[in-house]
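Asks: Got a file for you: data_7.pdb, PDB, C-alpha atoms.
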```pdb
ATOM      1  CA  MET A   1     184.262 120.105  37.458  1.00  0.00           C
ATOM      2  CA  SER A   2     184.874 118.146  34.282  1.00  0.00           C
ATOM      3  CA  THR A   3     185.285 119.767  30.892  1.00  0.00           C
ATOM      4  CA  GLU A   4     182.290 117.763  29.597  1.00  0.00           C
ATOM      5  CA  PHE A   5     180.097 118.884  32.501  1.00  0.00           C
ATOM      6  CA  ASN A   6     180.999 122.524  31.858  1.00  0.00           C
ATOM      7  CA  ARG A   7     180.136 122.091  28.163  1.00  0.00           C
ATOM      8  CA  TYR A   8     176.864 120.328  29.062  1.00  0.00           C
ATOM      9  CA  LYS A   9     175.961 123.053  31.538  1.00  0.00           C
ATOM     10  CA  LYS A  10     176.425 125.721  28.861  1.00  0.00           C
ATOM     11  CA  THR A  11     174.293 123.926  26.270  1.00  0.00           C
ATOM     12  CA  THR A  12     171.872 121.161  27.179  1.00  0.00           C
ATOM     13  CA  GLY A  13     171.775 121.864  30.894  1.00  0.00           C
ATOM     14  CA  LYS A  14     171.190 125.549  30.298  1.00  0.00           C
ATOM     15  CA  ALA A  15     168.388 124.766  27.841  1.00  0.00           C
ATOM     16  CA  GLY A  16     166.736 122.673  30.546  1.00  0.00           C
ATOM     17  CA  GLU A  17     167.053 125.521  33.040  1.00  0.00           C
ATOM     18  CA  LEU A  18     165.648 128.102  30.603  1.00  0.00           C
ATOM     19  CA  ALA A  19     162.721 125.810  29.780  1.00  0.00           C
ATOM     20  CA  CYS A  20     162.039 125.339  33.491  1.00  0.00           C
ATOM     21  CA  GLU A  21     162.076 129.105  34.066  1.00  0.00           C
ATOM     22  CA  ALA A  22     159.675 129.695  31.161  1.00  0.00           C
ATOM     23  CA  PHE A  23     157.422 126.890  32.405  1.00  0.00           C
ATOM     24  CA  VAL A  24     157.225 128.327  35.926  1.00  0.00           C
ATOM     25  CA  ARG A  25     156.600 131.831  34.570  1.00  0.00           C
ATOM     26  CA  SER A  26     153.761 130.471  32.403  1.00  0.00           C
ATOM     27  CA  PHE A  27     151.892 129.854  35.678  1.00  0.00           C
ATOM     28  CA  GLY A  28     152.439 133.450  36.791  1.00  0.00           C
ATOM     29  CA  LEU A  29     155.173 132.496  39.273  1.00  0.00           C
ATOM     30  CA  LYS A  30     158.648 133.980  39.557  1.00  0.00           C
ATOM     31  CA  PRO A  31     161.388 131.354  39.933  1.00  0.00           C
ATOM     32  CA  LYS A  32     164.308 132.217  42.202  1.00  0.00           C
ATOM     33  CA  ASP A  33     167.485 130.844  40.604  1.00  0.00           C
ATOM     34  CA  VAL A  34     169.654 129.133  43.265  1.00  0.00           C
ATOM     35  CA  SER A  35     171.588 126.942  40.811  1.00  0.00           C
ATOM     36  CA  GLU A  36     174.933 128.631  41.548  1.00  0.00           C
ATOM     37  CA  ASP A  37     174.513 128.526  45.344  1.00  0.00           C
ATOM     38  CA  PRO A  38     176.706 125.728  46.814  1.00  0.00           C
ATOM     39  CA  TYR A  39     174.093 124.898  49.495  1.00  0.00           C
ATOM     40  CA  TRP A  40     171.378 124.251  46.898  1.00  0.00           C
ATOM     41  CA  GLN A  41     173.815 122.533  44.513  1.00  0.00           C
ATOM     42  CA  LYS A  42     174.447 119.874  47.186  1.00  0.00           C
ATOM     43  CA  LEU A  43     170.688 119.310  47.359  1.00  0.00           C
ATOM     44  CA  ASP A  44     170.302 119.195  43.547  1.00  0.00           C
ATOM     45  CA  VAL A  45     167.893 122.140  43.550  1.00  0.00           C
ATOM     46  CA  ASP A  46     167.976 124.844  40.848  1.00  0.00           C
ATOM     47  CA  TYR A  47     164.907 126.986  41.583  1.00  0.00           C
ATOM     48  CA  LEU A  48     162.677 128.007  44.436  1.00  0.00           C
ATOM     49  CA  ILE A  49     159.096 129.088  43.899  1.00  0.00           C
ATOM     50  CA  TYR A  50     156.500 130.198  46.423  1.00  0.00           C
ATOM     51  CA  PRO A  51     152.965 129.350  45.264  1.00  0.00           C
ATOM     52  CA  ASN A  52     150.546 130.555  47.954  1.00  0.00           C
ATOM     53  CA  GLY A  53     153.565 131.446  50.114  1.00  0.00           C
ATOM     54  CA  VAL A  54     154.776 127.837  50.387  1.00  0.00           C
ATOM     55  CA  GLU A  55     158.326 127.048  49.259  1.00  0.00           C
ATOM     56  CA  GLN A  56     158.631 124.512  46.450  1.00  0.00           C
ATOM     57  CA  ARG A  57     162.004 123.294  45.170  1.00  0.00           C
ATOM     58  CA  ILE A  58     162.601 122.488  41.511  1.00  0.00           C
ATOM     59  CA  GLU A  59     165.503 120.730  39.819  1.00  0.00           C
ATOM     60  CA  ALA A  60     165.821 121.391  36.068  1.00  0.00           C
ATOM     61  CA  LYS A  61     167.243 118.717  33.775  1.00  0.00           C
ATOM     62  CA  GLY A  62     167.978 118.972  30.086  1.00  0.00           C
ATOM     63  CA  ARG A  63     168.556 116.449  27.353  1.00  0.00           C
ATOM     64  CA  SER A  64     169.674 117.149  23.806  1.00  0.00           C
ATOM     65  CA  ARG A  65     167.549 114.416  22.245  1.00  0.00           C
ATOM     66  CA  ASP A  66     164.173 112.906  23.131  1.00  0.00           C
ATOM     67  CA  TRP A  67     164.511 109.128  23.298  1.00  0.00           C
ATOM     68  CA  GLY A  68     160.943 108.512  24.486  1.00  0.00           C
ATOM     69  CA  ASP A  69     162.004 107.834  28.055  1.00  0.00           C
ATOM     70  CA  ILE A  70     163.195 109.526  31.211  1.00  0.00           C
ATOM     71  CA  GLY A  71     166.877 108.900  31.864  1.00  0.00           C
ATOM     72  CA  LEU A  72     167.351 108.718  35.624  1.00  0.00           C
ATOM     73  CA  GLU A  73     170.945 109.363  36.660  1.00  0.00           C
ATOM     74  CA  LEU A  74     171.798 106.621  39.152  1.00  0.00           C
ATOM     75  CA  CYS A  75     175.496 107.401  39.524  1.00  0.00           C
ATOM     76  CA  THR A  76     177.357 110.577  38.634  1.00  0.00           C
ATOM     77  CA  ASN A  77     180.855 109.152  39.023  1.00  0.00           C
ATOM     78  CA  THR A  78     181.430 105.375  39.137  1.00  0.00           C
ATOM     79  CA  THR A  79     184.994 105.772  40.390  1.00  0.00           C
ATOM     80  CA  ALA A  80     183.952 107.797  43.447  1.00  0.00           C
ATOM     81  CA  LYS A  81     180.590 105.963  43.642  1.00  0.00           C
ATOM     82  CA  THR A  82     178.763 109.292  43.741  1.00  0.00           C
ATOM     83  CA  PRO A  83     174.966 108.866  43.690  1.00  0.00           C
ATOM     84  CA  GLY A  84     173.201 110.575  40.814  1.00  0.00           C
ATOM     85  CA  TRP A  85     170.424 113.122  40.990  1.00  0.00           C
ATOM     86  CA  ALA A  86     167.721 110.438  40.857  1.00  0.00           C
ATOM     87  CA  TYR A  87     168.745 109.394  44.365  1.00  0.00           C
ATOM     88  CA  GLY A  88     170.164 112.663  45.674  1.00  0.00           C
ATOM     89  CA  SER A  89     167.836 115.480  44.646  1.00  0.00           C
ATOM     90  CA  ARG A  90     165.950 117.106  47.500  1.00  0.00           C
ATOM     91  CA  SER A  91     163.651 118.928  45.118  1.00  0.00           C
ATOM     92  CA  ASP A  92     159.878 118.654  45.168  1.00  0.00           C
ATOM     93  CA  LEU A  93     159.650 118.593  41.378  1.00  0.00           C
ATOM     94  CA  ILE A  94     162.011 117.876  38.514  1.00  0.00           C
ATOM     95  CA  THR A  95     161.487 119.333  35.071  1.00  0.00           C
ATOM     96  CA  TYR A  96     163.032 117.170  32.348  1.00  0.00           C
ATOM     97  CA  TYR A  97     163.350 118.950  29.014  1.00  0.00           C
ATOM     98  CA  ALA A  98     164.268 117.525  25.580  1.00  0.00           C
ATOM     99  CA  LYS A  99     165.731 120.237  23.315  1.00  0.00           C
ATOM    100  CA  ASP A 100     164.981 118.586  19.981  1.00  0.00           C
ATOM    101  CA  THR A 101     161.253 118.025  20.533  1.00  0.00           C
ATOM    102  CA  ARG A 102     160.695 120.871  23.036  1.00  0.00           C
ATOM    103  CA  ILE A 103     158.959 118.422  25.340  1.00  0.00           C
ATOM    104  CA  LEU A 104     159.013 119.074  29.087  1.00  0.00           C
ATOM    105  CA  HIS A 105     158.121 116.382  31.606  1.00  0.00           C
ATOM    106  CA  VAL A 106     157.224 117.181  35.210  1.00  0.00           C
ATOM    107  CA  ILE A 107     158.343 114.599  37.781  1.00  0.00           C
ATOM    108  CA  LYS A 108     157.293 114.293  41.425  1.00  0.00           C
ATOM    109  CA  THR A 109     160.712 113.697  43.004  1.00  0.00           C
ATOM    110  CA  LYS A 110     159.752 111.817  46.188  1.00  0.00           C
ATOM    111  CA  VAL A 111     157.377 109.478  44.351  1.00  0.00           C
ATOM    112  CA  MET A 112     160.094 108.742  41.769  1.00  0.00           C
ATOM    113  CA  GLN A 113     162.633 108.060  44.527  1.00  0.00           C
ATOM    114  CA  GLN A 114     160.209 105.729  46.356  1.00  0.00           C
ATOM    115  CA  TRP A 115     159.593 103.868  43.091  1.00  0.00           C
ATOM    116  CA  LEU A 116     163.338 103.672  42.425  1.00  0.00           C
ATOM    117  CA  ALA A 117     163.922 102.173  45.885  1.00  0.00           C
ATOM    118  CA  ARG A 118     161.553  99.301  44.969  1.00  0.00           C
ATOM    119  CA  VAL A 119     163.093  98.606  41.551  1.00  0.00           C
ATOM    120  CA  ASP A 120     165.835  96.016  41.086  1.00  0.00           C
ATOM    121  CA  VAL A 121     168.176  98.248  39.108  1.00  0.00           C
ATOM    122  CA  SER A 122     170.694  95.419  38.656  1.00  0.00           C
ATOM    123  CA  ALA A 123     168.122  93.498  36.591  1.00  0.00           C
ATOM    124  CA  ARG A 124     167.424  96.423  34.248  1.00  0.00           C
ATOM    125  CA  TYR A 125     169.167  97.912  31.254  1.00  0.00           C
ATOM    126  CA  THR A 126     171.339 100.922  32.098  1.00  0.00           C
ATOM    127  CA  THR A 127     173.525 103.144  29.962  1.00  0.00           C
ATOM    128  CA  ARG A 128     176.952 104.532  30.725  1.00  0.00           C
ATOM    129  CA  ALA A 129     178.523 107.773  29.635  1.00  0.00           C
ATOM    130  CA  LYS A 130     182.230 108.433  29.908  1.00  0.00           C
ATOM    131  CA  ASN A 131     183.390 111.408  31.966  1.00  0.00           C
ATOM    132  CA  TYR A 132     186.582 113.193  30.972  1.00  0.00           C
ATOM    133  CA  ASN A 133     188.559 115.998  32.540  1.00  0.00           C
ATOM    134  CA  ASN A 134     190.756 117.873  30.048  1.00  0.00           C
ATOM    135  CA  GLY A 135     190.643 114.900  27.702  1.00  0.00           C
ATOM    136  CA  VAL A 136     191.526 112.302  30.353  1.00  0.00           C
ATOM    137  CA  TYR A 137     188.947 109.609  31.127  1.00  0.00           C
ATOM    138  CA  TYR A 138     188.236 109.303  34.862  1.00  0.00           C
ATOM    139  CA  SER A 139     184.864 107.564  35.343  1.00  0.00           C
ATOM    140  CA  ASP A 140     181.451 106.733  33.960  1.00  0.00           C
ATOM    141  CA  SER A 141     178.021 108.011  34.870  1.00  0.00           C
ATOM    142  CA  VAL A 142     175.130 105.542  34.885  1.00  0.00           C
ATOM    143  CA  MET A 143     171.604 106.230  33.631  1.00  0.00           C
ATOM    144  CA  LEU A 144     168.454 104.136  33.908  1.00  0.00           C
ATOM    145  CA  PRO A 145     166.158 104.772  30.928  1.00  0.00           C
ATOM    146  CA  VAL A 146     162.522 104.459  32.064  1.00  0.00           C
ATOM    147  CA  PRO A 147     159.812 104.283  29.382  1.00  0.00           C
ATOM    148  CA  LEU A 148     157.279 107.119  29.644  1.00  0.00           C
ATOM    149  CA  THR A 149     154.394 104.686  30.058  1.00  0.00           C
ATOM    150  CA  GLU A 150     156.102 103.056  33.050  1.00  0.00           C
ATOM    151  CA  ALA A 151     156.893 106.444  34.595  1.00  0.00           C
ATOM    152  CA  ARG A 152     153.247 107.529  34.202  1.00  0.00           C
ATOM    153  CA  ASP A 153     151.843 104.223  35.443  1.00  0.00           C
ATOM    154  CA  SER A 154     154.160 104.372  38.469  1.00  0.00           C
ATOM    155  CA  GLY A 155     152.738 107.784  39.381  1.00  0.00           C
ATOM    156  CA  TRP A 156     155.899 109.871  39.326  1.00  0.00           C
ATOM    157  CA  LEU A 157     155.580 111.386  35.858  1.00  0.00           C
ATOM    158  CA  LEU A 158     152.904 113.976  36.587  1.00  0.00           C
ATOM    159  CA  ALA A 159     152.485 115.660  33.204  1.00  0.00           C
ATOM    160  CA  THR A 160     154.054 116.267  29.809  1.00  0.00           C
ATOM    161  CA  TYR A 161     154.032 119.609  27.990  1.00  0.00           C
ATOM    162  CA  ARG A 162     155.099 120.915  24.602  1.00  0.00           C
ATOM    163  CA  ARG A 163     156.887 124.273  24.661  1.00  0.00           C
ATOM    164  CA  HIS A 164     155.898 126.731  21.937  1.00  0.00           C
ATOM    165  CA  ASP A 165     158.056 129.497  20.460  1.00  0.00           C
ATOM    166  CA  ASP A 166     156.255 132.137  22.544  1.00  0.00           C
ATOM    167  CA  ASP A 167     157.143 130.239  25.779  1.00  0.00           C
ATOM    168  CA  THR A 168     153.616 129.002  26.312  1.00  0.00           C
ATOM    169  CA  PHE A 169     153.173 125.351  27.232  1.00  0.00           C
ATOM    170  CA  GLU A 170     150.515 122.965  25.991  1.00  0.00           C
ATOM    171  CA  ARG A 171     149.773 119.937  28.134  1.00  0.00           C
ATOM    172  CA  ILE A 172     149.934 116.854  25.901  1.00  0.00           C
ATOM    173  CA  ALA A 173     149.835 114.052  28.501  1.00  0.00           C
TER
END
```
Spell out the structure here as structure tokens.

Replies:
Amino acid sequence: MSTEFNRYKKTTGKAGELACEAFVRSFGLKPKDVSEDPYWQKLDVDYLIYPNGVEQRIEAKGRSRDWGDIGLELCTNTTAKTPGWAYGSRSDLITYYAKDTRILHVIKTKVMQQWLARVDVSARYTTRAKNYNNGVYYSDSVMLPVPLTEARDSGWLLATYRRHDDDTFERIA
């Protein structure tokens, strides 16, 4: 694991996971944390919940700053050509949390992946982030920023919530 990923996991990624846990608990459900289990890591699943006895899988994402979009990770490592979570997650839902605004988006994973399969990614703007391991550059990751209106209109952004200090959530879109 890269030094940057470890740092991310301890800060932004962890904030996304904690927000997801609080969100699930706000519905009276108890999330089972499987984020450290190698089986679930391969499937990009962080939590299991069982509403009405039916298993639901959730992937929690975090972002330090709200840019008014959803950044879909297309490629984790350009050198190894590793697909990102947007293609690889086997979750039912993805929570996408922005730390600075305390906004949490809920994404229907399969609908987002079906939409992504129809989009010509090569014709769209993407961003790259450098990945380092102990200060040595080894690859880039690639993100596709999708405006919130497009995500909603495409049917995969289900809802948007604001998290309050008492871990209650107010639906705002």

Asks: Quick one, how far is atom CA of Leu74 of chain A from atom CA of Leu144 of chain A?

Replies: 6.7 Å

Asks: For the provided coordinates, the residues matched by the PyMOL selection byres ((chain A and resi 64) around 8) should be stated as a list in words.

Replies: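 Expected selection for the PyMOL selection byres ((chain A and resi 64) around 8) here is Thr12, Gly62, Arg63, Arg65, Asp66, Ala98, Lys99 and Asp100 of chain A.
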
Asks: Could you write out that same residue set with C-alpha atoms as a compact mmCIF listing (two decimals), keeping the file's coordinate frame?

Replies:
```txt
# COMPACT_ATOMS: atom_id res chain seq x y z
CA THR A 12 171.87 121.16 27.18
CA GLY A 62 167.98 118.97 30.09
CA ARG A 63 168.56 116.45 27.35
CA ARG A 65 167.55 114.42 22.24
CA ASP A 66 164.17 112.91 23.13
CA ALA A 98 164.27 117.52 25.58
CA LYS A 99 165.73 120.24 23.32
CA ASP A 100 164.98 118.59 19.98
```

Asks: Within 7 Å of (157.1, 117.1, 23.8), in the coordinates the file gives, what residues turn up when you count all atoms listed in the file, written out as an MDAnalysis selection string?

Replies: chainID A and resid 101:104 160:162

Asks: With C-alpha atoms retained, export the selected residues as a PDB file, in the coordinates of the input.

Replies:
```pdb
ATOM      1  CA  THR A 101     161.253 118.025  20.533  1.00  0.00           C
ATOM      2  CA  ARG A 102     160.695 120.871  23.036  1.00  0.00           C
ATOM      3  CA  ILE A 103     158.959 118.422  25.340  1.00  0.00           C
ATOM      4  CA  LEU A 104     159.013 119.074  29.087  1.00  0.00           C
ATOM      5  CA  THR A 160     154.054 116.267  29.809  1.00  0.00           C
ATOM      6  CA  TYR A 161     154.032 119.609  27.990  1.00  0.00           C
ATOM      7  CA  ARG A 162     155.099 120.915  24.602  1.00  0.00           C
TER       8      ARG A 162
END
```

Asks: Apply the PyMOL selection byres ((chain A and resi 81-93) around 6) to the displayed file and report the matching residues as number ranges by chain.

Replies: A: 43-45, 57-59, 72-80, 94, 107-109

Asks: Apply the PyMOL selection byres ((chain A and resi 132-140) around 6) to the structure shown and report the selected residues as number ranges by chain.

Replies: A: 2-3, 77-79, 128-131, 141

Asks: Name the closest residue to Thr95 of chain A among the candidates A:Lys42, A:Lys110, A:Lys14, A:Lys61; distances are taken between atoms, counting all atoms listed in the file.

Replies: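 Ranking A:Lys42, A:Lys110, A:Lys14, A:Lys61 by distance to Thr95 of chain A, first place goes to A:Lys61.
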
Asks: Please measure the separation of atom CA of Pro51 of chain A and atom CA of Asp69 of chain A, giving the value in Å to one decimal.

Replies: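 Computing the Euclidean distance for atom CA of Pro51 of chain A and atom CA of Asp69 of chain A yields 29.0 Å.
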
Asks: Can you measure atom CA of Ser154 of chain A to atom CA of Val106 of chain A for me? One decimal in Å is fine.

Replies: 13.6 Å

Asks: Got a sec: who's within 9 Å of Ser26 of chain A, counting all atoms listed in the file, leaving out chain neighbours fewer than 4 positions off, as a list in words?

Replies: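 What passes the distance filter is Glu21, Ala22, Asp167, Thr168 and Phe169 of chain A.
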
Asks: Which is closer to Glu55 of chain A than all the others in A:Arg171, A:Lys30, A:Val119, A:Ile70, using only C-alpha atoms?

Replies: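 Looking at the shortest contact to Glu55 of chain A, the residue is A:Lys30.
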
Asks: Could you tell me which of A:Val121, A:Gly71, A:Arg25, A:Asp37 comes closest to Ile49 of chain A if we count only C-alpha atoms?

Replies: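 Counting only C-alpha atoms, the residue closest to Ile49 of chain A is A:Arg25.
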
Asks: Any chance you could build segment 136-147 of chain A out to all heavy atoms and write it as an mmCIF file, in the coordinates of the input?

Replies:
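What follows is the written file part_8.cif:
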```cif
data_model
loop_
_atom_site.group_PDB
_atom_site.id
_atom_site.type_symbol
_atom_site.label_atom_id
_atom_site.label_comp_id
_atom_site.auth_asym_id
_atom_site.auth_seq_id
_atom_site.Cartn_x
_atom_site.Cartn_y
_atom_site.Cartn_z
ATOM 1 N N VAL A 136 191.109 113.520 29.662
ATOM 2 C CA VAL A 136 191.526 112.302 30.353
ATOM 3 C C VAL A 136 190.303 111.627 30.972
ATOM 4 O O VAL A 136 189.588 112.236 31.773
ATOM 5 C CB VAL A 136 192.572 112.620 31.447
ATOM 6 C CG1 VAL A 136 192.959 111.358 32.199
ATOM 7 C CG2 VAL A 136 193.784 113.298 30.845
ATOM 8 N N TYR A 137 190.076 110.361 30.592
ATOM 9 C CA TYR A 137 188.947 109.609 31.127
ATOM 10 C C TYR A 137 189.147 109.363 32.622
ATOM 11 O O TYR A 137 190.223 108.987 33.050
ATOM 12 C CB TYR A 137 188.834 108.264 30.397
ATOM 13 C CG TYR A 137 187.904 107.285 31.061
ATOM 14 C CD1 TYR A 137 186.532 107.401 30.916
ATOM 15 C CD2 TYR A 137 188.403 106.255 31.857
ATOM 16 C CE1 TYR A 137 185.668 106.519 31.527
ATOM 17 C CE2 TYR A 137 187.543 105.364 32.474
ATOM 18 C CZ TYR A 137 186.182 105.499 32.312
ATOM 19 O OH TYR A 137 185.332 104.625 32.941
ATOM 20 N N TYR A 138 188.099 109.583 33.430
ATOM 21 C CA TYR A 138 188.236 109.303 34.862
ATOM 22 C C TYR A 138 187.092 108.491 35.455
ATOM 23 O O TYR A 138 187.237 107.930 36.540
ATOM 24 C CB TYR A 138 188.446 110.591 35.672
ATOM 25 C CG TYR A 138 187.253 111.510 35.727
ATOM 26 C CD1 TYR A 138 186.303 111.399 36.734
ATOM 27 C CD2 TYR A 138 187.082 112.511 34.786
ATOM 28 C CE1 TYR A 138 185.218 112.247 36.789
ATOM 29 C CE2 TYR A 138 186.010 113.361 34.837
ATOM 30 C CZ TYR A 138 185.087 113.228 35.846
ATOM 31 O OH TYR A 138 184.005 114.073 35.892
ATOM 32 N N SER A 139 185.954 108.379 34.792
ATOM 33 C CA SER A 139 184.864 107.564 35.343
ATOM 34 C C SER A 139 183.735 107.460 34.325
ATOM 35 O O SER A 139 183.805 108.019 33.239
ATOM 36 C CB SER A 139 184.325 108.164 36.643
ATOM 37 O OG SER A 139 183.512 109.289 36.356
ATOM 38 N N ASP A 140 182.693 106.790 34.722
ATOM 39 C CA ASP A 140 181.451 106.733 33.960
ATOM 40 C C ASP A 140 180.332 107.299 34.824
ATOM 41 O O ASP A 140 180.417 107.292 36.050
ATOM 42 C CB ASP A 140 181.077 105.285 33.612
ATOM 43 C CG ASP A 140 181.999 104.649 32.602
ATOM 44 O OD1 ASP A 140 182.479 105.360 31.709
ATOM 45 O OD2 ASP A 140 182.231 103.435 32.703
ATOM 46 N N SER A 141 179.272 107.747 34.169
ATOM 47 C CA SER A 141 178.021 108.011 34.870
ATOM 48 C C SER A 141 177.043 106.945 34.386
ATOM 49 O O SER A 141 177.208 106.400 33.292
ATOM 50 C CB SER A 141 177.504 109.422 34.586
ATOM 51 O OG SER A 141 177.304 109.616 33.214
ATOM 52 N N VAL A 142 176.064 106.620 35.194
ATOM 53 C CA VAL A 142 175.130 105.542 34.885
ATOM 54 C C VAL A 142 173.707 106.089 34.871
ATOM 55 O O VAL A 142 173.282 106.759 35.810
ATOM 56 C CB VAL A 142 175.241 104.395 35.917
ATOM 57 C CG1 VAL A 142 174.249 103.285 35.594
ATOM 58 C CG2 VAL A 142 176.664 103.854 35.973
ATOM 59 N N MET A 143 172.992 105.799 33.782
ATOM 60 C CA MET A 143 171.604 106.230 33.631
ATOM 61 C C MET A 143 170.690 105.022 33.488
ATOM 62 O O MET A 143 171.063 104.027 32.866
ATOM 63 C CB MET A 143 171.456 107.093 32.375
ATOM 64 C CG MET A 143 172.324 108.327 32.332
ATOM 65 S SD MET A 143 171.830 109.591 33.487
ATOM 66 C CE MET A 143 170.478 110.330 32.607
ATOM 67 N N LEU A 144 169.502 105.149 34.052
ATOM 68 C CA LEU A 144 168.454 104.136 33.908
ATOM 69 C C LEU A 144 167.357 104.724 33.030
ATOM 70 O O LEU A 144 166.636 105.622 33.461
ATOM 71 C CB LEU A 144 167.873 103.759 35.271
ATOM 72 C CG LEU A 144 166.649 102.840 35.254
ATOM 73 C CD1 LEU A 144 167.040 101.450 34.749
ATOM 74 C CD2 LEU A 144 166.031 102.759 36.633
ATOM 75 N N PRO A 145 167.246 104.262 31.770
ATOM 76 C CA PRO A 145 166.158 104.772 30.928
ATOM 77 C C PRO A 145 164.832 104.121 31.344
ATOM 78 O O PRO A 145 164.727 102.898 31.406
ATOM 79 C CB PRO A 145 166.564 104.352 29.513
ATOM 80 C CG PRO A 145 167.633 103.336 29.663
ATOM 81 C CD PRO A 145 168.133 103.356 31.063
ATOM 82 N N VAL A 146 163.833 104.948 31.639
ATOM 83 C CA VAL A 146 162.522 104.459 32.064
ATOM 84 C C VAL A 146 161.501 104.890 31.009
ATOM 85 O O VAL A 146 161.340 106.092 30.758
ATOM 86 C CB VAL A 146 162.130 105.026 33.441
ATOM 87 C CG1 VAL A 146 160.762 104.513 33.878
ATOM 88 C CG2 VAL A 146 163.193 104.701 34.491
ATOM 89 N N PRO A 147 160.825 103.927 30.382
ATOM 90 C CA PRO A 147 159.812 104.283 29.382
ATOM 91 C C PRO A 147 158.752 105.223 29.974
ATOM 92 O O PRO A 147 158.384 105.092 31.153
ATOM 93 C CB PRO A 147 159.196 102.942 28.992
ATOM 94 C CG PRO A 147 160.237 101.921 29.369
ATOM 95 C CD PRO A 147 160.944 102.473 30.567
#
```
